[in-house]
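Asks: What follows is a single structure, and I will ask about it in a moment.
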Amino acid sequence: MKNVLVIGATGQIGSELTIELRKRYPEGKIVAGYIKGAEPKGILLESGPSELADVTDGKQLHDIVDKYNIDTIYNLAALLSAVAEEKPLLAWHIQMDGLINILEIAREKKCSVFTPSSIGAFGPNTPKDKTPQDTIQRPKTMYGVTKVATELLSDYYFNRFGVDTRSVRFPGIISNVTLPGGGTTDYAVEIYYSAVKGEEFACPIAAGTFMDMIYMPDALHAAISIMEADPSKFIHRNSFNVASLSFDPEMIYASIKKEIPDFKMHYEVDPLRQSIAESWPNSLDDTCARTEWGWQPNFSLDQMTKDMIMALRKKFGK
Ligand code: SER
């Protein structure tokens with residue numbers, strides 16, 4: 001990895017991954033790719049090059065890859081699960097037409113490609129606990145359909161054309177720089193914002209609903225280390241289960257209350273998000289990621305809570 005294009009650089013993952021890559025590869029060009037209306041600002045704008053990079057515009061992407069001699073593409077453009085149910089055709093257009101554009105450029109220019117998959121690539125008849133790496137994938141959401149198709153198409157380009165595609169199935173990502181938009185796991189981010197702002201939190205997911213989650217530093221570590229890994233040990237490519245945390249709303253609430261004892265939460269369950277959450281695993285088995293490229297997360301729930309609260313207090317001057 002030397003010259004990298006991050007597509008979706010102003011989104012939840014991209015805004016932190018781009019900065020992390022710039023620190024890690026100071027000699028390289030790490031291009032922040034954005035769309036109209038989501039222009040980079042502040043440190044993201046000032047710390048390196050940025051380009052308009054609409055994933056649905058193959059020519060635009062091609063020109064950027066040429067201009068910066070890009071060798072690695074992080075394809076982070078996507079509509080998350082709940083919003084993709086509102087706009088399924090747009091989700092398909094971004095996730096699938098966008099992916100084909102990238103894979104074709106990667107084939108021609110010999111780029112490596114990371115396109116995340118998700119816990120959303122599983123469905124109601126997937127084994128729920130310790131979900132295996134290789135198992136039933138019949139998701140019920142458009143988000144999940146595009147993620148399974150992404151895994152298959154990425155493997156196809158590797159097997160058929162030798163394109164170096166690699167991926168992880170991300171759990172819900174908890175972070176404090178850029179909010180996620182329209183996902184089912186977003187509650188686990190929003191709850192911290194409410195706690196630090198001193199607001200009561202209306203939880204859209206019911207007590208007892210477990211989902212896989214991960215703190216952003218661990219998610220960045222996964223996204224970077226899989227692209228840096230020696231592929232000779234890979235048995236899988238698209239896409240690896242990565243696990244870190246698994247909790248329900250009661251557990252994250254209890255963790256926050258240890259730091260902010262007067263924090264209050266009540267339930268206002270959102271039927272769409274709840275039904276999506278119930279169709280996803282409770283916890284993934286990530287043995288393959290651990291043995292094939294050395295994956296290991298660092299943050300526990302309570303460590304993440306301490307760090308999130310500290311960062312958000314700083315952000316909001318609380
Ligand atoms: N965080 C995503 C969502 O909730 C899942 O990958 O849609």
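Letters for chains follow the order of the structure tokens (A, B, ...), residue numbers begin at 1 for each chain, and ligand numbers begin at 1 in the order shown.
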For region 51-60 of chain A, find every residue with an atom within 6 Å (counting only C-alpha atoms), except residues of its own chain fewer than 5 positions away, and show them as a list in words.
Replies: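 Result of the neighbour search: Gly33, Tyr34, Ile35, Gly98 and Asn101 of chain A.
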Asks: Just want the residues within 9 Å of ligand 1, written as a ChimeraX atom specification, counting only C-alpha atoms and all ligand atoms.
Replies: /A:79-84,116-121,143-144,169-174,180-187,213,273,276-277
Asks: Let's see if you can do this: from backbone DSSP, list all helix (DSSP H, G or I) residues in region 54-202 of chain A, as a VMD selection string.
Replies: chain A and resid 58 to 68 81 to 86 88 to 109 119 to 121 142 to 161 187 to 197
Asks: Please return, as a list in words, all residues of region 126-238 of chain A that DSSP assigns to strand (DSSP E or B) on the basis of the backbone.
Replies: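 Answer for region 126-238 of chain A, restricted to strand (DSSP E or B): Thr131, Thr165, Arg166, Val168, Arg169, Phe170, Gly172, Ile173, Ile174, Phe201, Ala202, Cys203, Met211, Asp212, Met213, Ile214 and Tyr215 of chain A.
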Asks: Do a neighbour search on region 223-232 of chain A at 12 Å with only C-alpha atoms, toss out local chain neighbours closer than 3 positions, and write the hits as an mmCIF file with C-alpha atoms, in the first residue's frame.
Replies:
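File produced: selection_1.cif:
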data_model
loop_
_atom_site.group_PDB
_atom_site.id
_atom_site.type_symbol
_atom_site.label_atom_id
_atom_site.label_comp_id
_atom_site.auth_asym_id
_atom_site.auth_seq_id
_atom_site.Cartn_x
_atom_site.Cartn_y
_atom_site.Cartn_z
ATOM 1 C CA MET A 1 0.000 0.000 0.000
ATOM 2 C CA LYS A 2 1.465 3.331 -0.995
ATOM 3 C CA VAL A 4 -4.476 4.839 -1.724
ATOM 4 C CA VAL A 6 -10.485 6.046 -0.030
ATOM 5 C CA ILE A 13 -15.219 4.869 8.601
ATOM 6 C CA GLY A 14 -13.543 6.916 5.853
ATOM 7 C CA GLU A 16 -10.926 8.161 10.409
ATOM 8 C CA LEU A 17 -9.354 5.587 8.076
ATOM 9 C CA THR A 18 -8.019 8.290 5.718
ATOM 10 C CA GLU A 20 -4.884 6.820 9.966
ATOM 11 C CA LEU A 21 -3.501 5.826 6.536
ATOM 12 C CA ARG A 22 -1.887 9.249 6.122
ATOM 13 C CA ARG A 24 0.962 5.254 8.519
ATOM 14 C CA TYR A 25 2.094 5.990 4.964
ATOM 15 C CA ASP A 71 -2.355 0.899 -5.940
ATOM 16 C CA THR A 72 -5.038 0.308 -3.284
ATOM 17 C CA ILE A 73 -8.719 1.253 -3.184
ATOM 18 C CA TYR A 74 -10.811 1.297 -0.012
ATOM 19 C CA ASN A 75 -14.387 1.162 -1.255
ATOM 20 C CA LEU A 76 -16.471 2.498 1.637
ATOM 21 C CA CYS A 111 -5.026 -2.293 -7.689
ATOM 22 C CA SER A 112 -5.832 -4.096 -4.462
ATOM 23 C CA VAL A 113 -9.403 -3.555 -3.299
ATOM 24 C CA PHE A 114 -11.023 -3.575 0.152
ATOM 25 C CA THR A 115 -14.830 -3.526 0.168
ATOM 26 C CA PRO A 116 -16.288 -4.201 3.602
ATOM 27 C CA SER A 117 -18.966 -6.776 4.127
ATOM 28 C CA ASP A 164 -6.303 -8.737 -5.065
ATOM 29 C CA THR A 165 -9.653 -8.330 -3.314
ATOM 30 C CA ARG A 166 -9.828 -8.654 0.480
ATOM 31 C CA SER A 167 -12.536 -7.919 3.007
ATOM 32 C CA VAL A 168 -13.881 -8.228 6.530
ATOM 33 C CA ARG A 169 -17.465 -8.553 7.722
ATOM 34 C CA PHE A 170 -17.723 -5.563 10.021
ATOM 35 C CA MET A 216 -13.414 2.242 15.627
ATOM 36 C CA PRO A 217 -9.712 1.814 16.535
ATOM 37 C CA ASP A 218 -10.184 -1.962 16.267
ATOM 38 C CA ALA A 219 -12.161 -1.581 13.009
ATOM 39 C CA LEU A 220 -9.349 0.522 11.501
ATOM 40 C CA ILE A 235 -7.821 -19.622 2.685
ATOM 41 C CA HIS A 236 -10.644 -17.056 2.543
ATOM 42 C CA ARG A 237 -10.715 -13.574 1.056
ATOM 43 C CA ASN A 238 -14.202 -12.125 0.780
ATOM 44 C CA SER A 239 -15.032 -11.848 3.484
ATOM 45 C CA PHE A 240 -13.648 -12.642 6.976
ATOM 46 C CA ASN A 241 -15.762 -12.653 10.140
ATOM 47 C CA VAL A 242 -14.161 -10.276 12.652
ATOM 48 C CA ALA A 289 -9.374 -14.191 10.653
ATOM 49 C CA ARG A 290 -7.246 -14.950 13.711
ATOM 50 C CA THR A 291 -5.432 -17.887 12.123
ATOM 51 C CA GLU A 292 -5.175 -16.665 8.498
ATOM 52 C CA TRP A 293 -3.923 -13.116 9.164
ATOM 53 C CA GLY A 294 -3.527 -12.667 12.895
ATOM 54 C CA TRP A 295 -6.652 -10.633 13.696
ATOM 55 C CA GLN A 296 -7.038 -9.607 17.325
ATOM 56 C CA PRO A 297 -9.166 -6.807 18.801
#
Asks: Could you work out how far CA of Cys288 (chain A) lies from CA of Ile136 (chain A), giving the answer in Å with one decimal?
Replies: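 Separating CA of Ile136 (chain A) from CA of Cys288 (chain A) is a distance of 16.5 Å.
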Asks: Of the residues A:Ala202, A:Leu245, A:Ile105, A:Leu61, which is the one nearest to Leu301 (chain A), using only C-alpha atoms?
Replies: A:Leu245
Asks: Would you list the contacts of Asp262 (chain A) as a list in words, taking every protein, DNA or RNA residue within 12 Å and counting only C-alpha atoms, but skipping same-chain residues closer than 5 positions in sequence?
Replies: Ala195, Val196, Gly198, Glu199, Glu200, Phe201, Tyr253, Ala254, Ile256 and Lys257 of chain A
Asks: Taking all heavy atoms for each residue, export the selection above as a short mmCIF file (atom, residue, chain, number, x, y, z; two decimals), in the first residue's frame.
Replies:
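Writing the result to result_4.cif gives the following:
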data_model
loop_
_atom_site.label_atom_id
_atom_site.label_comp_id
_atom_site.auth_asym_id
_atom_site.auth_seq_id
_atom_site.Cartn_x
_atom_site.Cartn_y
_atom_site.Cartn_z
N ALA A 195 -25.75 10.34 26.38
CA ALA A 195 -25.20 10.28 27.75
C ALA A 195 -24.33 11.50 28.04
O ALA A 195 -24.46 12.13 29.09
CB ALA A 195 -24.41 8.99 27.94
N VAL A 196 -23.47 11.83 27.09
CA VAL A 196 -22.54 12.96 27.32
C VAL A 196 -23.28 14.29 27.29
O VAL A 196 -22.95 15.22 28.03
CB VAL A 196 -21.38 12.90 26.29
CG1 VAL A 196 -20.56 14.19 26.31
CG2 VAL A 196 -20.49 11.70 26.59
N GLY A 198 -26.16 14.75 28.37
CA GLY A 198 -27.07 14.81 29.53
C GLY A 198 -28.52 14.62 29.14
O GLY A 198 -29.43 15.06 29.85
N GLU A 199 -28.75 13.93 28.01
CA GLU A 199 -30.14 13.68 27.56
C GLU A 199 -30.55 12.24 27.89
O GLU A 199 -29.71 11.35 27.92
CB GLU A 199 -30.23 13.86 26.03
CG GLU A 199 -29.98 15.29 25.58
CD GLU A 199 -29.62 15.38 24.09
OE1 GLU A 199 -29.58 14.34 23.41
OE2 GLU A 199 -29.37 16.51 23.64
N GLU A 200 -31.84 12.03 28.07
CA GLU A 200 -32.35 10.66 28.22
C GLU A 200 -32.35 10.00 26.84
O GLU A 200 -32.72 10.64 25.84
CB GLU A 200 -33.77 10.67 28.81
CG GLU A 200 -34.31 9.27 28.97
CD GLU A 200 -35.50 9.16 29.93
OE1 GLU A 200 -35.64 10.04 30.82
OE2 GLU A 200 -36.27 8.20 29.78
N PHE A 201 -31.95 8.74 26.76
CA PHE A 201 -31.85 8.06 25.46
C PHE A 201 -33.08 7.19 25.20
O PHE A 201 -33.47 6.39 26.04
CB PHE A 201 -30.59 7.20 25.42
CG PHE A 201 -30.38 6.52 24.11
CD1 PHE A 201 -30.18 7.25 22.93
CD2 PHE A 201 -30.36 5.13 24.01
CE1 PHE A 201 -29.99 6.63 21.71
CE2 PHE A 201 -30.17 4.49 22.78
CZ PHE A 201 -29.99 5.26 21.64
N TYR A 253 -25.91 0.16 28.30
CA TYR A 253 -26.49 1.12 29.26
C TYR A 253 -25.79 0.99 30.62
O TYR A 253 -25.36 1.98 31.22
CB TYR A 253 -27.99 0.86 29.38
CG TYR A 253 -28.73 1.72 30.36
CD1 TYR A 253 -28.60 3.11 30.36
CD2 TYR A 253 -29.59 1.14 31.30
CE1 TYR A 253 -29.30 3.90 31.27
CE2 TYR A 253 -30.30 1.92 32.21
CZ TYR A 253 -30.14 3.30 32.20
OH TYR A 253 -30.83 4.07 33.09
N ALA A 254 -25.62 -0.27 31.07
CA ALA A 254 -24.96 -0.51 32.37
C ALA A 254 -23.51 -0.03 32.33
O ALA A 254 -23.01 0.54 33.31
CB ALA A 254 -25.02 -1.99 32.72
N ILE A 256 -22.29 2.42 30.53
CA ILE A 256 -22.27 3.90 30.57
C ILE A 256 -22.62 4.39 31.97
O ILE A 256 -22.02 5.36 32.47
CB ILE A 256 -23.24 4.48 29.51
CG1 ILE A 256 -22.75 4.13 28.09
CG2 ILE A 256 -23.36 6.00 29.67
CD1 ILE A 256 -23.71 4.49 26.98
N LYS A 257 -23.53 3.71 32.62
CA LYS A 257 -23.95 4.15 33.98
C LYS A 257 -22.80 4.07 35.01
O LYS A 257 -22.80 4.80 35.99
CB LYS A 257 -25.16 3.35 34.46
CG LYS A 257 -26.47 4.00 33.98
CD LYS A 257 -27.69 3.28 34.51
CE LYS A 257 -28.13 3.74 35.88
NZ LYS A 257 -28.83 5.03 35.89
#
Asks: Select, from A:Thr126, A:Asn176, A:Asn3, A:Asn159, the residue with the minimum atom-to-atom distance to Ile309 (chain A), counting only C-alpha atoms.
Replies: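 The answer is A:Asn176, which sits nearest to Ile309 (chain A).
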